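Note sheet for the following structure.
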Number of protein chains: 2
Amino acid sequence: MEKEVLIFGHKSPDTDTICSSLVREILDKKNGWNCTKAVRLGDVNKETQYILNYLGIEAPGLIEKVEEGQEVILVDHNDFAQSADGIENAKILEVIDHHRIGNFRTAEPLYYTAKPYGCTSTILFEEFKSLGHKIEKKEAILMASSIISDTLLLKSPTTTEYDKKALKELAEIANIDVNTYGLDMLKAGTELDDFSAEELVNLDAKDFEKEGKKFVIAQVNTVYINDVLKRQEDLENVMRNEMNKNGLELMVLAITDILNSNSEIIALGENAEDIIYKAFDKKLENNRAFLEGVVSRKKELVPNIDKSI
Amino acid sequence: MEKEVLIFGHKSPDTDTICSSLVREILDKKNGWNCTKAVRLGDVNKETQYILNYLGIEAPGLIEKVEEGQEVILVDHNDFAQSADGIENAKILEVIDHHRIGNFRTAEPLYYTAKPYGCTSTILFEEFKSLGHKIEKKEAILMASSIISDTLLLKSPTTTEYDKKALKELAEIANIDVNTYGLDMLKAGTELDDFSAEELVNLDAKDFEKEGKKFVIAQVNTVYINDVLKRQEDLENVMRNEMNKNGLELMVLAITDILNSNSEIIALGENAEDIIYKAFDKKLENNRAFLEGVVSRKKELVPNIDKSI
């Protein structure tokens, strides 16, 4: 039997991570490579569940860690801190990603395809095209959903012409109205009321490391920032716990208004005030700052905070 | 005026580094991107000079370092230790490479194309094809020469089917007999007699780092290993100097017989004996070991030594 190759995205999986894993498995099958299998590293979020329900398909299986020597394909991430436990000793055959590169190393040469696009699925869309494979309705919906999610309906500054072009073509194949489907999907992901403060903070939290200093930037999408801010005290308690437990220098929770494209951040840490001031020219008040027009962790929050640490 | 974007390969440039930089500039021009310019980080070696003379063209200009914010495209390397001084603060737009990834990080997303091929030029060959550009004689000779050099006439274990296919097609366009041209070119690169011991050791030396420990693996190609070994004492003196100067844990000089595909290594360092024994199951005698069938730094020397450190 051929060895199984696992495909997965990052921890705290979002829509691009789950859908791109599934699409990559479909692409492999079309290429006659039947031993790859999409898996996930954490719970599926509500937005992604909406898509899986829409398609009537199951989420990829959950794994806890990877064994030494396990062959893997990473999608939508490269940073080991965001990858499976044990990734250091896995055999990474390939990476398909749209993030900056950091905390990544391999013992041997590999396939690595990164493009500075809004979404991993846009890169996969281009692979379908360049390999001459027909895109079926199922993968069209998966890829369109990833693009809608990662670019917040093409409004995020990470959006490129390539994402727009891909989404247009995919929406036609999928036979969906992008705005109707997209808003339903995004709203399904922002039903936050029945999440505990702990769940909210961990919904989409990414770990970073710079010169031995660890920081976390978590993000929740909403259509009502104030509804989330009502729970600031509870959220801060959870964040402080996380910081103590993991020895964090800084923890930021970005509450992003996906309809109006702004974020309110809660930032904790000994030097949080300085770091945020240097990063965004904004003073923290009551540990909070309103960042007008800021929606992208990858393009706005991470690079500015990284430089300022 | 458009900003200039510099294209370069690694320090101690070899044929793939120089030729792939030149080819990438040609490819950019064909894509209508006129602001990119091939440069180099060190002296052109004799093998590469043979190719430049054959084509009647000049080597790319030499640069010493890159300024902060300089836009660059890296070919044939990614490790910052092998890149231009100042690379940490440059803006890396793109990487095209066939090495493992390590000591590489960016602040922002970028284009990154790596494939586990024998040669960077094989990846560039595929880009010409997928973009539908005609390959002219000049770039065919540059790419064919890179493949011949990096795969030692397709005999190195790093050689893939993609390299073979590319070389076959490129040789036809270039109108060269691969064996005749290739042997002339490789022999031109192995005229070592007029090199000082210091020049020999630095001809193609690559720096590596693992958990703060620095090591260097240098390589010289020859058709007569014994001619080089006659100078062992001088070579060791130079190596010891390098080690003291740069605080190296280990320094290896691989003397590779490109016709018979073997290497004799000279290894110095406090734990050299242990490291080499664990890496190759060979005892150092008089600081030397004969590694039968070993020719590739990337595929054989580096991964084995890296694991064993």
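The chains in the structure tokens are called A, B, ... from first to last as shown; in each chain the residues are counted from 1, and the ligands are counted from 1 in the order shown.
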Note to self: From a backbone DSSP assignment, name each residue in segment 38-228 of chain B labelled strand (DSSP E), as a PyMOL selection string.
What the structure shows: chain B and resi 38-40+61-62+71-75+91-97+111-114+205-210+213-222
Requested write-out: N, CA and C atoms of the selected residues, as a CSV table (one decimal), in the first residue's frame:
chain,number,residue,atom,x,y,z
B,38,ALA,N,20.3,41.3,-13.2
B,38,ALA,CA,21.2,40.3,-12.6
B,38,ALA,C,22.4,40.9,-12.0
B,39,VAL,N,22.8,40.5,-10.8
B,39,VAL,CA,24.1,40.9,-10.2
B,39,VAL,C,24.7,39.7,-9.5
B,40,ARG,N,25.9,39.8,-9.0
B,40,ARG,CA,26.5,38.7,-8.4
B,40,ARG,C,27.2,39.1,-7.1
B,61,GLY,N,27.2,42.4,-12.9
B,61,GLY,CA,28.0,43.3,-12.1
B,61,GLY,C,28.1,42.8,-10.6
B,62,LEU,N,29.2,43.1,-10.0
B,62,LEU,CA,29.4,42.7,-8.6
B,62,LEU,C,28.8,43.6,-7.6
B,71,GLU,N,14.6,46.2,-3.3
B,71,GLU,CA,13.8,45.1,-3.8
B,71,GLU,C,14.7,44.1,-4.5
B,72,VAL,N,14.6,42.8,-4.1
B,72,VAL,CA,15.4,41.8,-4.7
B,72,VAL,C,14.7,40.5,-5.0
B,73,ILE,N,15.2,39.7,-5.9
B,73,ILE,CA,14.8,38.4,-6.3
B,73,ILE,C,15.9,37.4,-6.0
B,74,LEU,N,15.7,36.4,-5.2
B,74,LEU,CA,16.8,35.5,-4.9
B,74,LEU,C,16.6,34.3,-5.8
B,75,VAL,N,17.7,33.8,-6.5
B,75,VAL,CA,17.7,32.6,-7.2
B,75,VAL,C,18.8,31.7,-6.5
B,91,LYS,N,13.8,44.0,0.7
B,91,LYS,CA,12.5,43.5,0.5
B,91,LYS,C,12.5,42.4,-0.5
B,92,ILE,N,12.4,41.2,-0.1
B,92,ILE,CA,12.5,40.0,-1.0
B,92,ILE,C,11.1,39.8,-1.7
B,93,LEU,N,11.1,40.1,-3.0
B,93,LEU,CA,9.9,39.9,-3.7
B,93,LEU,C,9.6,38.5,-4.1
B,94,GLU,N,10.7,37.8,-4.3
B,94,GLU,CA,10.5,36.4,-4.9
B,94,GLU,C,11.8,35.6,-4.7
B,95,VAL,N,11.5,34.3,-4.6
B,95,VAL,CA,12.6,33.3,-4.5
B,95,VAL,C,12.4,32.2,-5.5
B,96,ILE,N,13.4,31.8,-6.2
B,96,ILE,CA,13.3,30.7,-7.1
B,96,ILE,C,14.5,29.8,-6.7
B,97,ASP,N,14.2,28.6,-6.2
B,97,ASP,CA,15.3,27.8,-5.6
B,97,ASP,C,15.0,26.3,-5.6
B,111,TYR,N,6.4,35.8,-3.5
B,111,TYR,CA,6.4,34.7,-4.4
B,111,TYR,C,7.5,33.8,-4.0
B,112,TYR,N,7.3,32.5,-3.9
B,112,TYR,CA,8.3,31.6,-3.6
B,112,TYR,C,8.1,30.3,-4.4
B,113,THR,N,9.0,30.0,-5.3
B,113,THR,CA,8.9,28.8,-6.0
B,113,THR,C,10.1,27.9,-5.8
B,114,ALA,N,9.9,26.8,-5.1
B,114,ALA,CA,10.9,25.8,-4.9
B,114,ALA,C,10.5,24.5,-5.5
B,205,ALA,N,32.4,27.6,-0.9
B,205,ALA,CA,32.2,27.3,0.5
B,205,ALA,C,30.8,27.8,1.0
B,206,LYS,N,30.0,27.0,1.6
B,206,LYS,CA,28.7,27.4,2.1
B,206,LYS,C,28.6,27.4,3.6
B,207,ASP,N,28.1,28.4,4.2
B,207,ASP,CA,27.9,28.5,5.6
B,207,ASP,C,26.6,27.9,6.0
B,208,PHE,N,26.6,27.2,7.2
B,208,PHE,CA,25.3,26.7,7.7
B,208,PHE,C,25.3,27.0,9.2
B,209,GLU,N,24.1,27.0,9.8
B,209,GLU,CA,24.0,27.3,11.2
B,209,GLU,C,22.9,26.3,11.7
B,210,LYS,N,23.2,25.7,12.9
B,210,LYS,CA,22.2,24.9,13.5
B,210,LYS,C,22.3,25.1,15.0
B,213,LYS,N,25.2,26.9,16.3
B,213,LYS,CA,26.5,26.3,15.9
B,213,LYS,C,26.7,26.5,14.5
B,214,LYS,N,27.9,27.1,14.1
B,214,LYS,CA,28.2,27.4,12.7
B,214,LYS,C,29.1,26.3,12.1
B,215,PHE,N,28.8,25.9,10.9
B,215,PHE,CA,29.7,25.0,10.2
B,215,PHE,C,29.7,25.4,8.7
B,216,VAL,N,30.8,25.0,8.1
B,216,VAL,CA,31.0,25.4,6.7
B,216,VAL,C,31.3,24.1,5.9
B,217,ILE,N,30.7,23.9,4.8
B,217,ILE,CA,31.0,22.8,3.9
B,217,ILE,C,31.5,23.4,2.6
B,218,ALA,N,32.7,23.2,2.3
B,218,ALA,CA,33.3,23.7,1.0
B,218,ALA,C,33.5,22.5,0.1
B,219,GLN,N,33.5,22.8,-1.2
B,219,GLN,CA,33.6,21.7,-2.2
B,219,GLN,C,34.4,22.2,-3.3
B,220,VAL,N,35.3,21.3,-3.8
B,220,VAL,CA,36.0,21.6,-5.1
B,220,VAL,C,35.8,20.4,-6.0
B,221,ASN,N,35.6,20.6,-7.2
B,221,ASN,CA,35.4,19.5,-8.2
B,221,ASN,C,36.8,19.3,-8.9
B,222,THR,N,37.1,18.1,-9.2
B,222,THR,CA,38.3,17.8,-9.8
B,222,THR,C,38.2,16.6,-10.7
Next item on the list: Output the contact residues of chain B with respect to chain A at a cut-off of 12 Å, based on only C-alpha atoms, as an MDAnalysis selection string.
Entry: chainID B and resid 76:79 89 91:120 123 126:127 129:132 158 209:210 297:308
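The protein and nucleic acid residues lying at most 10 Å from segment 237-240 of chain B are Ser196, Ala197, Glu198, Glu199, Leu200, Val201, Asn202, Val216, Ala218, Gln232, Lys245, Asn246, Leu248, Leu250, Met251, Val252, Leu253, Ile266, Ala267, Leu268 and Gly269 of chain B, with only C-alpha atoms considered and sequence neighbours fewer than 5 positions away removed.
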Notebook entry, point to check: Please, what distance in Å, to one decimal, runs between atom CA of Val223 of chain B and atom CA of Thr159 of chain B?
Noted result: 20.0 Å
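Taking atom CA of Glu64 of chain B and atom CA of Val23 of chain B as endpoints, the distance between them is 21.4 Å.
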Next item on the list: Skip Leu183 of chain B itself and residues of its chain fewer than 6 positions away, then list as a PyMOL selection string all residues within 10 Å of it, counting only C-alpha atoms.
Entry: chain B and resi 148-149+152-153+189+258-259
Note to self: If we count only C-alpha atoms and set the cut-off at 12 Å, which residues sit around Asn53 of chain B, ignoring sequence neighbours fewer than 5 positions away in its own chain? Please answer as JSON, numbers by chain.
What the structure shows: {"B": [44, 46, 47, 48, 58, 59, 141, 142, 185, 188]}
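Of the listed residues (A:Lys138, A:His10, A:Lys37, A:His133), A:Lys138 comes nearest to Leu52 of chain A; the distances count only C-alpha atoms.
Here atom CA of Asp281 of chain B and atom CA of Asn262 of chain B stand 15.6 Å from one another.
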Who sits within 10 Å of Asn175 of chain B, only C-alpha atoms, same chain under 5 positions skipped, as a CSV table (one decimal) with N, CA and C atoms, in the first residue's frame:
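Writing the result to part.csv gives the following:
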chain,number,residue,atom,x,y,z
B,137,LYS,N,18.7,30.7,-28.3
B,137,LYS,CA,19.9,30.0,-28.1
B,137,LYS,C,20.7,30.4,-26.9
B,140,ALA,N,19.2,29.1,-23.8
B,140,ALA,CA,19.3,27.7,-23.8
B,140,ALA,C,20.6,27.2,-23.3
B,141,ILE,N,21.7,27.9,-23.8
B,141,ILE,CA,23.1,27.5,-23.4
B,141,ILE,C,23.3,27.8,-21.9
B,169,GLU,N,16.0,19.0,-24.2
B,169,GLU,CA,15.4,20.0,-25.1
B,169,GLU,C,16.3,21.2,-25.3
B,170,LEU,N,16.9,21.6,-24.2
B,170,LEU,CA,17.8,22.8,-24.3
B,170,LEU,C,19.0,22.6,-25.2
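The smallest atom-to-atom distance between Thr122 of chain A and any of A:Lys155, A:Lys11, A:Lys230, A:Lys168, using only C-alpha atoms, is found for A:Lys168.
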Note to self: Give me, as a ChimeraX atom specification, all polymer residues having an atom no more than 9 Å from Lys3 of chain B, counting only C-alpha atoms and skipping those fewer than 4 positions away in the same chain.
What the structure shows: /B:35-36,70-71
Test item, helix (DSSP H, G or I) assignment across segment 35-250 of chain B, answer as a tab-separated table (two decimals) with N, CA and C atoms, in the first residue's frame:
chain	number	residue	atom	x	y	z
B	46	LYS	N	35.93	29.48	-12.72
B	46	LYS	CA	36.48	29.19	-14.05
B	46	LYS	C	35.49	28.49	-14.97
B	47	GLU	N	34.67	27.64	-14.35
B	47	GLU	CA	33.66	26.92	-15.14
B	47	GLU	C	32.67	27.92	-15.74
B	48	THR	N	32.19	28.82	-14.89
B	48	THR	CA	31.21	29.81	-15.37
B	48	THR	C	31.86	30.73	-16.41
B	49	GLN	N	33.13	31.09	-16.18
B	49	GLN	CA	33.81	31.96	-17.13
B	49	GLN	C	33.89	31.30	-18.51
B	50	TYR	N	34.07	29.97	-18.51
B	50	TYR	CA	34.11	29.23	-19.77
B	50	TYR	C	32.80	29.45	-20.56
B	51	ILE	N	31.69	29.42	-19.81
B	51	ILE	CA	30.36	29.58	-20.44
B	51	ILE	C	30.18	31.01	-20.96
B	52	LEU	N	30.58	31.98	-20.14
B	52	LEU	CA	30.46	33.39	-20.55
B	52	LEU	C	31.31	33.65	-21.79
B	53	ASN	N	32.52	33.07	-21.80
B	53	ASN	CA	33.39	33.23	-22.98
B	53	ASN	C	32.76	32.57	-24.20
B	54	TYR	N	32.21	31.38	-24.01
B	54	TYR	CA	31.56	30.64	-25.10
B	54	TYR	C	30.47	31.49	-25.74
B	55	LEU	N	29.73	32.22	-24.88
B	55	LEU	CA	28.63	33.06	-25.38
B	55	LEU	C	29.09	34.47	-25.74
B	80	PHE	N	19.90	33.00	4.52
B	80	PHE	CA	20.46	34.35	4.64
B	80	PHE	C	21.98	34.31	4.80
B	81	ALA	N	22.49	33.24	5.41
B	81	ALA	CA	23.94	33.12	5.61
B	81	ALA	C	24.69	33.06	4.28
B	82	GLN	N	24.00	32.65	3.22
B	82	GLN	CA	24.64	32.55	1.91
B	82	GLN	C	24.27	33.72	1.00
B	87	ILE	N	20.75	41.42	3.71
B	87	ILE	CA	19.53	40.81	3.15
B	87	ILE	C	18.36	40.86	4.14
B	88	GLU	N	18.67	40.86	5.45
B	88	GLU	CA	17.61	40.88	6.47
B	88	GLU	C	16.71	42.10	6.32
B	89	ASN	N	17.28	43.19	5.80
B	89	ASN	CA	16.51	44.42	5.70
B	89	ASN	C	16.13	44.79	4.27
B	120	THR	N	18.35	25.08	-10.38
B	120	THR	CA	17.40	26.18	-10.47
B	120	THR	C	16.95	26.43	-11.91
B	121	SER	N	17.90	26.28	-12.85
B	121	SER	CA	17.56	26.58	-14.25
B	121	SER	C	16.48	25.65	-14.79
B	122	THR	N	16.35	24.45	-14.22
B	122	THR	CA	15.28	23.55	-14.67
B	122	THR	C	13.92	24.14	-14.30
B	123	ILE	N	13.85	24.80	-13.15
B	123	ILE	CA	12.60	25.46	-12.75
B	123	ILE	C	12.31	26.62	-13.71
B	124	LEU	N	13.37	27.38	-14.05
B	124	LEU	CA	13.20	28.50	-14.98
B	124	LEU	C	12.77	27.99	-16.37
B	125	PHE	N	13.36	26.87	-16.78
B	125	PHE	CA	12.96	26.25	-18.05
B	125	PHE	C	11.46	26.00	-18.05
B	126	GLU	N	10.95	25.44	-16.94
B	126	GLU	CA	9.50	25.16	-16.86
B	126	GLU	C	8.69	26.45	-16.87
B	127	GLU	N	9.25	27.54	-16.34
B	127	GLU	CA	8.52	28.81	-16.38
B	127	GLU	C	8.43	29.35	-17.81
B	128	PHE	N	9.53	29.23	-18.57
B	128	PHE	CA	9.46	29.60	-19.98
B	128	PHE	C	8.33	28.83	-20.67
B	129	LYS	N	8.28	27.52	-20.42
B	129	LYS	CA	7.28	26.68	-21.08
B	129	LYS	C	5.87	27.09	-20.66
B	130	SER	N	5.65	27.25	-19.34
B	130	SER	CA	4.28	27.48	-18.89
B	130	SER	C	3.81	28.88	-19.30
B	131	LEU	N	4.75	29.81	-19.48
B	131	LEU	CA	4.36	31.15	-19.93
B	131	LEU	C	4.30	31.22	-21.46
B	137	LYS	N	18.67	30.73	-28.30
B	137	LYS	CA	19.91	29.96	-28.13
B	137	LYS	C	20.69	30.40	-26.87
B	138	LYS	N	20.75	31.72	-26.65
B	138	LYS	CA	21.54	32.21	-25.53
B	138	LYS	C	21.06	31.65	-24.19
B	139	GLU	N	19.77	31.79	-23.93
B	139	GLU	CA	19.27	31.29	-22.63
B	139	GLU	C	19.28	29.75	-22.59
B	140	ALA	N	19.19	29.13	-23.77
B	140	ALA	CA	19.27	27.66	-23.78
B	140	ALA	C	20.65	27.21	-23.31
B	141	ILE	N	21.70	27.89	-23.78
B	141	ILE	CA	23.05	27.53	-23.35
B	141	ILE	C	23.26	27.83	-21.87
B	142	LEU	N	22.74	28.96	-21.42
B	142	LEU	CA	22.87	29.28	-19.99
B	142	LEU	C	22.19	28.23	-19.11
B	143	MET	N	20.98	27.85	-19.49
B	143	MET	CA	20.24	26.88	-18.67
B	143	MET	C	20.85	25.48	-18.78
B	144	ALA	N	21.23	25.09	-20.00
B	144	ALA	CA	21.86	23.78	-20.16
B	144	ALA	C	23.14	23.71	-19.33
B	145	SER	N	23.93	24.78	-19.34
B	145	SER	CA	25.18	24.79	-18.58
B	145	SER	C	24.92	24.64	-17.09
B	146	SER	N	23.88	25.32	-16.59
B	146	SER	CA	23.53	25.19	-15.17
B	146	SER	C	23.21	23.74	-14.83
B	147	ILE	N	22.42	23.12	-15.68
B	147	ILE	CA	22.01	21.73	-15.40
B	147	ILE	C	23.23	20.81	-15.43
B	148	ILE	N	24.08	20.98	-16.45
B	148	ILE	CA	25.29	20.15	-16.54
B	148	ILE	C	26.15	20.34	-15.28
B	149	SER	N	26.28	21.58	-14.85
B	149	SER	CA	27.13	21.88	-13.71
B	149	SER	C	26.56	21.30	-12.41
B	150	ASP	N	25.29	21.60	-12.13
B	150	ASP	CA	24.72	21.17	-10.85
B	150	ASP	C	24.52	19.66	-10.77
B	151	THR	N	24.27	19.01	-11.90
B	151	THR	CA	24.03	17.56	-11.86
B	151	THR	C	25.26	16.78	-12.31
B	161	GLU	N	14.10	13.53	-13.29
B	161	GLU	CA	13.61	13.37	-14.66
B	161	GLU	C	13.39	14.73	-15.32
B	162	TYR	N	13.03	15.73	-14.48
B	162	TYR	CA	12.76	17.07	-15.02
B	162	TYR	C	14.04	17.72	-15.54
B	163	ASP	N	15.16	17.46	-14.84
B	163	ASP	CA	16.44	17.99	-15.31
B	163	ASP	C	16.84	17.35	-16.63
B	164	LYS	N	16.64	16.03	-16.70
B	164	LYS	CA	17.01	15.29	-17.92
B	164	LYS	C	16.21	15.78	-19.11
B	165	LYS	N	14.90	15.93	-18.89
B	165	LYS	CA	14.02	16.37	-19.95
B	165	LYS	C	14.40	17.79	-20.42
B	166	ALA	N	14.66	18.65	-19.44
B	166	ALA	CA	15.02	20.03	-19.77
B	166	ALA	C	16.33	20.07	-20.54
B	167	LEU	N	17.33	19.33	-20.07
B	167	LEU	CA	18.65	19.38	-20.72
B	167	LEU	C	18.56	18.88	-22.16
B	168	LYS	N	17.76	17.84	-22.36
B	168	LYS	CA	17.62	17.28	-23.70
B	168	LYS	C	17.07	18.36	-24.65
B	169	GLU	N	16.00	19.00	-24.22
B	169	GLU	CA	15.36	20.01	-25.08
B	169	GLU	C	16.26	21.23	-25.26
B	170	LEU	N	16.94	21.63	-24.18
B	170	LEU	CA	17.80	22.82	-24.25
B	170	LEU	C	19.01	22.56	-25.15
B	171	ALA	N	19.57	21.34	-25.10
B	171	ALA	CA	20.74	21.01	-25.92
B	171	ALA	C	20.38	21.09	-27.40
B	172	GLU	N	19.15	20.68	-27.72
B	172	GLU	CA	18.71	20.77	-29.12
B	172	GLU	C	18.63	22.22	-29.58
B	173	ILE	N	18.01	23.05	-28.75
B	173	ILE	CA	17.90	24.48	-29.10
B	173	ILE	C	19.30	25.10	-29.20
B	174	ALA	N	20.16	24.73	-28.24
B	174	ALA	CA	21.50	25.32	-28.18
B	174	ALA	C	22.42	24.75	-29.26
B	178	VAL	N	25.88	17.43	-25.63
B	178	VAL	CA	25.94	17.60	-24.18
B	178	VAL	C	27.25	17.07	-23.60
B	179	ASN	N	27.69	15.90	-24.07
B	179	ASN	CA	28.89	15.31	-23.46
B	179	ASN	C	30.15	16.08	-23.81
B	180	THR	N	30.28	16.46	-25.05
B	180	THR	CA	31.48	17.19	-25.47
B	180	THR	C	31.52	18.56	-24.78
B	181	TYR	N	30.43	19.31	-24.94
B	181	TYR	CA	30.38	20.64	-24.33
B	181	TYR	C	30.51	20.54	-22.82
B	182	GLY	N	29.79	19.58	-22.24
B	182	GLY	CA	29.74	19.43	-20.79
B	182	GLY	C	31.10	19.10	-20.20
B	183	LEU	N	31.81	18.15	-20.82
B	183	LEU	CA	33.11	17.78	-20.28
B	183	LEU	C	34.10	18.93	-20.39
B	184	ASP	N	34.08	19.62	-21.52
B	184	ASP	CA	34.96	20.79	-21.69
B	184	ASP	C	34.70	21.82	-20.59
B	185	MET	N	33.41	22.04	-20.35
B	185	MET	CA	33.01	23.03	-19.35
B	185	MET	C	33.43	22.60	-17.94
B	186	LEU	N	33.16	21.34	-17.60
B	186	LEU	CA	33.50	20.86	-16.26
B	186	LEU	C	35.01	20.84	-16.06
B	187	LYS	N	35.75	20.43	-17.11
B	187	LYS	CA	37.21	20.41	-17.00
B	187	LYS	C	37.77	21.82	-16.82
B	188	ALA	N	37.18	22.76	-17.54
B	188	ALA	CA	37.63	24.16	-17.39
B	188	ALA	C	37.49	24.60	-15.93
B	189	GLY	N	36.48	24.06	-15.26
B	189	GLY	CA	36.24	24.44	-13.87
B	189	GLY	C	37.15	23.73	-12.88
B	197	ALA	N	45.95	27.64	-1.79
B	197	ALA	CA	45.15	26.82	-0.86
B	197	ALA	C	43.96	27.64	-0.35
B	198	GLU	N	44.18	28.91	-0.07
B	198	GLU	CA	43.11	29.77	0.43
B	198	GLU	C	41.98	29.90	-0.62
B	199	GLU	N	42.40	30.08	-1.87
B	199	GLU	CA	41.38	30.20	-2.92
B	199	GLU	C	40.58	28.90	-3.07
B	200	LEU	N	41.28	27.78	-2.99
B	200	LEU	CA	40.61	26.48	-3.13
B	200	LEU	C	39.53	26.30	-2.07
B	201	VAL	N	39.89	26.62	-0.83
B	201	VAL	CA	38.96	26.42	0.28
B	201	VAL	C	37.74	27.33	0.14
B	202	ASN	N	37.95	28.50	-0.45
B	202	ASN	CA	36.85	29.48	-0.53
B	202	ASN	C	36.11	29.49	-1.86
B	225	ILE	N	41.63	13.61	-7.67
B	225	ILE	CA	41.58	13.88	-6.23
B	225	ILE	C	42.98	13.99	-5.63
B	226	ASN	N	43.88	13.09	-6.06
B	226	ASN	CA	45.20	13.05	-5.43
B	226	ASN	C	46.01	14.33	-5.65
B	227	ASP	N	45.81	14.97	-6.77
B	227	ASP	CA	46.48	16.25	-7.01
B	227	ASP	C	46.12	17.27	-5.93
B	228	VAL	N	44.86	17.23	-5.51
B	228	VAL	CA	44.43	18.18	-4.48
B	228	VAL	C	44.94	17.74	-3.11
B	229	LEU	N	44.91	16.42	-2.87
B	229	LEU	CA	45.33	15.91	-1.56
B	229	LEU	C	46.81	16.16	-1.26
B	232	GLN	N	47.24	18.84	1.23
B	232	GLN	CA	46.41	18.71	2.44
B	232	GLN	C	46.87	19.63	3.58
B	233	GLU	N	48.19	19.65	3.82
B	233	GLU	CA	48.68	20.43	4.95
B	233	GLU	C	48.33	21.91	4.79
B	234	ASP	N	48.60	22.45	3.60
B	234	ASP	CA	48.25	23.85	3.34
B	234	ASP	C	46.75	24.09	3.48
B	235	LEU	N	45.97	23.17	2.93
B	235	LEU	CA	44.51	23.33	2.98
B	235	LEU	C	44.03	23.34	4.43
B	236	GLU	N	44.58	22.44	5.25
B	236	GLU	CA	44.16	22.38	6.65
B	236	GLU	C	44.51	23.66	7.40
B	237	ASN	N	45.67	24.22	7.09
B	237	ASN	CA	46.04	25.49	7.73
B	237	ASN	C	45.03	26.59	7.41
B	238	VAL	N	44.66	26.66	6.15
B	238	VAL	CA	43.67	27.66	5.74
B	238	VAL	C	42.34	27.39	6.45
B	239	MET	N	41.95	26.13	6.49
B	239	MET	CA	40.67	25.76	7.12
B	239	MET	C	40.69	26.14	8.61
B	240	ARG	N	41.80	25.85	9.30
B	240	ARG	CA	41.89	26.19	10.72
B	240	ARG	C	41.77	27.70	10.94
B	241	ASN	N	42.39	28.46	10.05
B	241	ASN	CA	42.27	29.92	10.12
B	241	ASN	C	40.82	30.37	10.00
B	242	GLU	N	40.14	29.82	8.99
B	242	GLU	CA	38.73	30.16	8.76
B	242	GLU	C	37.90	29.83	10.00
B	243	MET	N	38.20	28.66	10.59
B	243	MET	CA	37.42	28.21	11.75
B	243	MET	C	37.61	29.14	12.94
B	244	ASN	N	38.85	29.53	13.17
B	244	ASN	CA	39.12	30.45	14.28
B	244	ASN	C	38.47	31.80	14.04
B	245	LYS	N	38.63	32.27	12.79
B	245	LYS	CA	38.12	33.60	12.46
B	245	LYS	C	36.60	33.67	12.63
B	246	ASN	N	35.92	32.61	12.23
B	246	ASN	CA	34.45	32.66	12.20
B	246	ASN	C	33.78	31.83	13.29
